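Structure first, commentary second.
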Amino acid sequence: MQGLIQEGDGEEHVRLSDNLEHAAALGPRQVRVEIMAAGVCGSDLSCVHGKYYMPTPLVPGHEAAGVVAEIGSAVTYCAVGDHVVLSTFGNCGHCPTCEGGDPGNCGFGGLRHTHTEGDQALWGFANLGAFAQETIVHENQAVPIPPEVPLASAALIGCGVMTGAGAVFNRAKIGIGDTCVVIGAGGVGLNVIQAAHLSGASQIIAVDRVASKERMATDFGATDFILVDGDDFDSVAAVQQLSGGGVDHAFEVVGSTKLLADSISMAKAGGNVCAVGVPDLTATVTYPFQALHQNKNLMGIRAGGGKPRRDFRLIADMYLKGRFKLDELVSHTAGLDGLQGAFDALKAGAEARTVLLPNG
Ligand SMILES: [Zn+2]
Ligand SMILES: [Zn+2]
């Protein structure tokens with residue numbers, strides 16, 4: 001099969017191969033999935049640049065949807081032909097944490113090889129390795145959705161949508177009339193905005209450095225847009241002024257330690273500060289202590305605190321009822337050879353998502 005291989009740190013170390021195979025035969029609780037769509041997320045760029053400290057050689061890609069082609073003898077959760085969204089949580093499904101309802105906190109069993117090329121075993125990013133025509137995953141990582149949801153749109157549920165909307169629904173728990181700021185209006189930030197809108201926020205301030213993001217942010221529910229006009233622009237003062245002294249919830253979605261520190265100052269006393277974006281995983285954050293001291297809650301949020309079997313289906317159902325935007329997040333589609341173009345678009349910050357279609 002075709003797939004992408006990352007052989008070192010840097011975009012120049014990713015190449016397309018025609019000779020990928022599955023790393024092992026299908027296990028009893030595994031499913032083989034034909035990957036029909038895989039979004040290119042900021043985390044893919046970070047991974048390729050070594051900021052996730054993944055071992056290489058590696059098959060990148062982690063935000064995907066496809067069709068179940070084969071199931072192991074003990075699989076009960078999916079059937080052949082099911083449309084599935086892949087989950088980045090390779091959780092065990094039976095430990096106290098999983099049974100307690102927090103699959104994202106399961107101390108799942110580490111990274112595994114998903115594919116091979118000749119004699120070379122390849123790691124799979126997020127235990128998925130989604131930039132390939134097929135992958136084999138545990139049935140916990142394949143969540144069936146209604147087949148009416150287009151797979152290019154469904155793919156985004158697995159990471160960008162869940163990361164943004166889950167930060168609101170599962171962690172910040174925005175209440176009717178609450179105010180918020182969302183720093184970064186890309187693929188994830190737009191989902192923070194639409195989830196805040198669905199939750200009844202009275203003011204949603206989007207902050208971005210790209211002027212063309214204003215229209216999309218407004219379409220997704222933002223009430224105000226602040227254009228960061230150069231490095232000296234004082235976003236904290238702008239948010240303080242627009243909100244009348246600070247917001248109930250400040251979401252940092254860019255993955256900048258500087259902006260995370262700023263977002264602490266944007267929250268009002270007693271407010272939430274939500275670290276949604278992911279900087280280099282070894283980064284250190286410094287912030288003015290007095291800003292946090294006013295009973296504010298600083299939250300680390302991984303993948304929207306998601307419960308994939310509940311949340312993926314919920315989002316798909318809301319989409320089918322016209323209550324949740326997904327199609328608008330897909331800016332472009334391309335083949336597996338379109339990864340570099342997608343990275344260039346991500347770096348320019350000009351679009352929501354490019355989705356790769358590994359099977360055409
Ligand atoms: Zn577990
Ligand atoms: Zn992602």
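Starting from 1 in every chain, residues are counted up; chains themselves are A, B, ... following the order of the structure tokens, and ligands are numbered from 1 as listed.
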Please return as a tab-separated table (two decimals) with C-alpha atoms, in the first residue's frame the residues found within 10 Å of ligand 2, counting only C-alpha atoms and all ligand atoms.
chain	number	residue	atom	x	y	z
A	39	GLY	CA	-6.64	15.71	8.17
A	40	VAL	CA	-3.31	17.54	8.43
A	41	CYS	CA	-3.28	18.97	11.95
A	42	GLY	CA	-0.81	21.29	13.67
A	43	SER	CA	0.34	18.28	15.68
A	44	ASP	CA	1.48	16.59	12.45
A	45	LEU	CA	3.70	19.58	11.77
A	46	SER	CA	5.01	19.46	15.36
A	47	CYS	CA	5.58	15.71	15.07
A	61	GLY	CA	-1.07	11.15	10.57
A	62	HIS	CA	-3.57	10.86	13.40
A	63	GLU	CA	-6.86	12.58	12.41
A	64	ALA	CA	-8.67	10.11	10.20
A	88	THR	CA	-5.87	8.84	19.13
A	126	ALA	CA	-0.77	8.11	17.98
A	156	LEU	CA	-11.67	16.07	11.70
A	157	ILE	CA	-13.82	14.81	14.57
A	158	GLY	CA	-10.93	12.54	15.61
A	159	CYS	CA	-8.61	15.40	16.61
A	160	GLY	CA	-9.24	19.04	15.66
A	161	VAL	CA	-12.95	19.06	16.39
A	162	MET	CA	-12.67	16.99	19.57
A	163	THR	CA	-9.72	19.04	20.84
A	187	GLY	CA	-9.06	24.29	12.70
A	188	VAL	CA	-9.12	23.81	16.49
A	278	VAL	CA	0.46	22.23	22.38
A	303	ALA	CA	-7.37	16.15	23.06
Do you know which residues are at most 10 Å from A:Gly104 counting only C-alpha atoms, after dropping those on the same chain fewer than 3 positions away, and could you put them as a PyMOL selection string?
-> chain A and resi 88-91+97-98+101+107-108+302-308
Find the spatial neighbours of A:Gly72, counting only C-alpha atoms, within a cut-off of 8 Å - ignore same-chain residues fewer than 3 positions away - and output them as JSON, numbers by chain.
-> {"A": [26, 27, 28, 29, 30, 31, 75]}
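For the pair atom CA of A:Tyr287 and atom CA of A:Cys106, the interatomic distance is 29.7 Å.
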Using DSSP on the backbone coordinates, identify all residues within stretch 264-313 of chain A classified as strand (DSSP E); present the result as number ranges by chain.
-> A: 267-275, 297-300
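Comparing the minimum interatomic distances between ligand 1 and each of A:Asn140, A:Ser235, A:Thr282, A:Ser202, counting only C-alpha atoms and all ligand atoms, we find that A:Asn140 sits nearest.
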Quick one: pick out all alpha helix (DSSP H) residues within stretch 3-249 of chain A from a backbone DSSP run and write them as JSON, numbers by chain.
-> {"A": [42, 43, 44, 45, 46, 47, 48, 96, 97, 98, 99, 151, 152, 153, 154, 160, 161, 162, 163, 164, 165, 166, 189, 190, 191, 192, 193, 194, 195, 196, 197, 198, 213, 214, 215, 216, 217, 218, 219, 235, 236, 237, 238, 239, 240, 241, 242, 243]}
For those residues, write C-alpha atoms to a file as a tab-separated table (two decimals), in the first residue's frame.
chain	number	residue	atom	x	y	z
A	42	GLY	CA	-0.81	21.29	13.67
A	43	SER	CA	0.34	18.28	15.68
A	44	ASP	CA	1.48	16.59	12.45
A	45	LEU	CA	3.70	19.58	11.77
A	46	SER	CA	5.01	19.46	15.36
A	47	CYS	CA	5.58	15.71	15.07
A	48	VAL	CA	7.53	16.05	11.80
A	96	PRO	CA	-10.27	1.61	36.62
A	97	THR	CA	-9.58	4.85	34.72
A	98	CYS	CA	-11.26	3.61	31.53
A	99	GLU	CA	-14.20	2.13	33.46
A	151	LEU	CA	-15.65	10.97	5.56
A	152	ALA	CA	-13.47	14.03	4.75
A	153	SER	CA	-15.51	16.01	7.28
A	154	ALA	CA	-15.75	13.11	9.74
A	160	GLY	CA	-9.24	19.04	15.66
A	161	VAL	CA	-12.95	19.06	16.39
A	162	MET	CA	-12.67	16.99	19.57
A	163	THR	CA	-9.72	19.04	20.84
A	164	GLY	CA	-11.59	22.32	20.40
A	165	ALA	CA	-15.17	21.37	21.22
A	166	GLY	CA	-14.11	18.98	24.00
A	189	GLY	CA	-9.98	27.38	17.53
A	190	LEU	CA	-13.06	27.46	15.28
A	191	ASN	CA	-14.34	24.43	17.19
A	192	VAL	CA	-13.79	26.15	20.53
A	193	ILE	CA	-15.81	29.03	19.08
A	194	GLN	CA	-18.70	26.91	17.82
A	195	ALA	CA	-18.88	24.89	21.04
A	196	ALA	CA	-18.87	28.11	23.10
A	197	HIS	CA	-21.67	29.43	20.89
A	198	LEU	CA	-23.68	26.19	21.36
A	213	LYS	CA	-9.96	34.55	9.70
A	214	GLU	CA	-12.54	37.10	10.85
A	215	ARG	CA	-15.22	35.91	8.45
A	216	MET	CA	-14.92	32.24	9.46
A	217	ALA	CA	-14.67	33.06	13.15
A	218	THR	CA	-17.87	35.10	12.86
A	219	ASP	CA	-19.61	32.34	10.90
A	235	SER	CA	-3.79	41.59	22.92
A	236	VAL	CA	-4.26	41.55	26.70
A	237	ALA	CA	-5.29	45.21	26.76
A	238	ALA	CA	-7.56	44.71	23.74
A	239	VAL	CA	-9.35	41.77	25.39
A	240	GLN	CA	-9.59	43.56	28.73
A	241	GLN	CA	-11.17	46.54	27.00
A	242	LEU	CA	-13.65	44.59	24.85
A	243	SER	CA	-14.78	42.40	27.76
Atom CA of A:Gly277 to atom CA of A:Leu357, straight-line distance in Å =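 Value for the atom CA of A:Leu357-atom CA of A:Gly277 distance: 25.5 Å.
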At a cut-off of 8 Å, using only C-alpha atoms, what residues contact stretch 53-56 of chain A? Leave out same-chain residues fewer than 6 positions from it and give the result as an mmCIF file with C-alpha atoms, in the first residue's frame.
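And here is the file that came out, out-v5.cif:
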data_model
loop_
_atom_site.group_PDB
_atom_site.id
_atom_site.type_symbol
_atom_site.label_atom_id
_atom_site.label_comp_id
_atom_site.auth_asym_id
_atom_site.auth_seq_id
_atom_site.Cartn_x
_atom_site.Cartn_y
_atom_site.Cartn_z
ATOM 1 C CA GLN A 6 9.060 10.266 8.363
ATOM 2 C CA GLU A 7 12.734 9.297 8.663
ATOM 3 C CA GLY A 8 14.088 12.156 10.781
ATOM 4 C CA CYS A 47 5.585 15.710 15.066
ATOM 5 C CA LEU A 122 7.650 1.756 11.293
ATOM 6 C CA TRP A 123 6.137 3.418 14.353
ATOM 7 C CA PHE A 125 1.901 8.360 15.239
#
Record the distance separating atom CA of A:Val253 and atom CA of A:Ala352, expressed in Å with one decimal.
->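 Atom CA of A:Val253 sits 13.1 Å away from atom CA of A:Ala352.
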What lies within 10 Å of A:Glu117 using only C-alpha atoms, ignoring chain neighbours under 5 positions off, as an MDAnalysis selection string?
-> chainID A and resid 1 3 5 17:23 57 122
Selected residues written out, N, CA and C atoms, as an mmCIF file, in the first residue's frame:
data_model
loop_
_atom_site.group_PDB
_atom_site.id
_atom_site.type_symbol
_atom_site.label_atom_id
_atom_site.label_comp_id
_atom_site.auth_asym_id
_atom_site.auth_seq_id
_atom_site.Cartn_x
_atom_site.Cartn_y
_atom_site.Cartn_z
ATOM 1 N N MET A 1 0.844 -1.198 0.000
ATOM 2 C CA MET A 1 0.000 0.000 0.000
ATOM 3 C C MET A 1 0.877 1.245 0.000
ATOM 4 N N GLY A 3 1.909 4.989 1.536
ATOM 5 C CA GLY A 3 1.870 5.695 2.808
ATOM 6 C C GLY A 3 3.073 6.617 2.924
ATOM 7 N N ILE A 5 6.300 8.187 5.075
ATOM 8 C CA ILE A 5 7.263 7.772 6.104
ATOM 9 C C ILE A 5 8.100 8.983 6.508
ATOM 10 N N SER A 17 5.931 6.322 0.106
ATOM 11 C CA SER A 17 6.357 4.966 -0.249
ATOM 12 C C SER A 17 5.184 4.209 -0.868
ATOM 13 N N ASP A 18 5.502 3.333 -1.811
ATOM 14 C CA ASP A 18 4.466 2.462 -2.408
ATOM 15 C C ASP A 18 4.498 1.073 -1.786
ATOM 16 N N ASN A 19 5.383 0.871 -0.814
ATOM 17 C CA ASN A 19 5.644 -0.494 -0.347
ATOM 18 C C ASN A 19 5.395 -0.700 1.138
ATOM 19 N N LEU A 20 4.375 -0.036 1.683
ATOM 20 C CA LEU A 20 4.049 -0.258 3.093
ATOM 21 C C LEU A 20 3.224 -1.534 3.260
ATOM 22 N N GLU A 21 3.451 -2.202 4.382
ATOM 23 C CA GLU A 21 2.597 -3.332 4.751
ATOM 24 C C GLU A 21 2.232 -3.192 6.218
ATOM 25 N N HIS A 22 1.223 -3.940 6.660
ATOM 26 C CA HIS A 22 0.880 -3.931 8.075
ATOM 27 C C HIS A 22 2.004 -4.594 8.862
ATOM 28 N N ALA A 23 2.236 -4.090 10.091
ATOM 29 C CA ALA A 23 3.354 -4.601 10.884
ATOM 30 C C ALA A 23 3.084 -6.013 11.392
ATOM 31 N N PRO A 57 11.981 5.548 12.173
ATOM 32 C CA PRO A 57 11.004 5.947 11.159
ATOM 33 C C PRO A 57 9.568 5.730 11.626
ATOM 34 N N LEU A 122 7.989 0.331 11.231
ATOM 35 C CA LEU A 122 7.650 1.756 11.293
ATOM 36 C C LEU A 122 6.703 2.009 12.459
#
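Checking A:Thr354, A:Lys173, A:Gly246, A:Ala167 one by one against A:Gln203, counting only C-alpha atoms, you find the shortest gap at A:Gly246.
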Using only C-alpha atoms, which residues sit within 10 Å of A:Thr286 once same-chain residues fewer than 6 positions away are excluded, as a VMD selection string?
-> chain A and resid 257 to 258 260 to 261
Between A:Met36, A:Glu252, A:Pro103, A:Glu70, which has the minimum distance to ligand 1 (counting only C-alpha atoms and all ligand atoms)?
-> A:Pro103
